[in-house]
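Q: Submitted below is the structure of interest, expressed as structure tokens.
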Number of protein chains: 2
Amino acid sequence: MSEHTVKSFDEELAAIDTMIREMGELAASMVERATRAMVEADDGAVEQIIQDDKRMDQAQHDVDDAAVTLIAKRQPMAKDLRDVVCAIRTVGDLERIGDLAKNIAKRSRVMEEMPASRVLMQGLRDMSRLACVQVTGVVELYVADDAEGLTELRDRDEEIDIAYARVFRELLTYMMEDPHNITVCTHLLFCAKNLERIGDHATNIAENAYYMITGEQLPVKRPKRDELAGEPSAN
Amino acid sequence: MSEHTVKSFDEELAAIDTMIREMGELAASMVERATRAMVEADDGAVEQIIQDDKRMDQAQHDVDDAAVTLIAKRQPMAKDLRDVVCAIRTVGDLERIGDLAKNIAKRSRVMEEMPASRVLMQGLRDMSRLACVQVTGVVELYVADDAEGLTELRDRDEEIDIAYARVFRELLTYMMEDPHNITVCTHLLFCAKNLERIGDHATNIAENAYYMITGEQLPVKRPKRDELAGEPSAN
């Protein structure tokens, strides 16, 4: 393979990385704005977030097309092939993050009609902050090929799980105290769950990127927290 | 391109279709067993479903590898390339369906401790039945290249959305009637949401497969139901 060909492959891959970085920034920004819209019960930002979600969908298709074209044209092997496949998987997760952010944003329309406790909102705010850090961080580490950083980031997902468990329990107590809270709390419950899932998608990206860089699965440091670990089974 | 090469491509694609059909059957079976485990509050089937979810993960990786190898080796164009890319997307959706079924199954452990209304369970049973029909159907139509059938199937997703809206409202009333119902109802709420999302993944598969077959986006017959359409904003 001539040096020119090698360079072209790297250039095309770098172009894909740039698209992924932009998607990552947009995704983190969507999560932040969606949570703020919901917490402040202000649906003014919803339309923009819905538009951003469409941009994310389009960006995913663009990366998919670029990646598939690259595979067909260059027939990459080993690490190069892993890089391209990892790009396809990464944008799949980023697109889902955008989708989850959109769903959170849409609930701000409901919140406008119902006042909710500031204490509860604080829990969601904390979760959102943690989720944004994970999304921004994982894309940076992915682009930088930083396997060690990705390992640390993956392990930090537990903080979101713990924050989710707290919010879940708090929500239940509010619902039990006063049935008038039930409707709004179910919406908050779904928002909390979506933030937790955003963290899981960041974890997916970290695990795929680790495999891309090293060719090995990210070692299990902690058993993956059970989906229901944070949710009390009885009161 | 020699006939031999063409035949090989089709054979390799057929092998991928076979893997996808097996994943589809397993996914539908997981949804059915998970809902039964939950509805009957019997966690005896949970371990098997967790194992099945691992099989789904492995199957996704196997299809991904086979598809990427096929692209690199054959450099397919147009419809052939769409076929392979569609396979990658389809198994992504099937893997998520397995994941959602696993999450439903795990909640059966919680249900064992708490008796729940048979009326509520009927709603979930209906949703599960509809979801299984969609999952089984979409894979059959995908493998059969049946664009018309896929259009009809996509439109039937609305039935699941409507069933979800009913279950959501019922759950709220149970929670309001008696705070002791709140914990179990939040678990049922997540199960209902997961079944609705399983329907959405079947819709994704239908839309991707339609594009694969025709090269065009599936026409919008109905506006995609809003994520929150079924969830009442106030009481």
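Ordering of the structure tokens sets the chain letters (A, B, ...); residue numbers start at 1 within each chain; ligands are numbered from 1 in the order shown.
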Kindly provide the residues of chain A that approach chain B to within 6 Å, each paired with its closest atom pair and their distance in Å to one decimal, based on only C-alpha atoms, listed by chain and increasing number, as a tab-separated table.

A:
```
residue	atom	partner	partner_atom	distance
A:Ile71	CA	B:Ala72	CA	5.5
A:Ala72	CA	B:Gln75	CA	4.4
A:Gln75	CA	B:Ala72	CA	4.4
A:Val110	CA	B:Ser233	CA	5.4
A:Met176	CA	B:Pro179	CA	5.1
A:Pro179	CA	B:Met176	CA	5.1
A:Ser233	CA	B:Val110	CA	5.4
```

Q: Neighbouring residues of Glu159 in chain A were defined as those with any atom within 12 Å, considering only C-alpha atoms; residues of the same chain fewer than 5 positions away were excluded. Please report them as a ChimeraX atom specification.

A: /A:126-131,133-134,153-154,164-166,195-196,199-200,225,230

Q: Report, in Å to a single decimal, how far apart CA of His61 in chain A and CA of Ala45 in chain A are.

A: 24.9 Å

Q: What is the CA of Asp155 in chain B-CA of Thr203 in chain B distance in Å, reported with one decimal?

A: 8.4 Å

Q: Just the number, please: distance in Å from CA of Glu148 in chain A to CA of Tyr210 in chain A, one decimal.

A: 8.5 Å
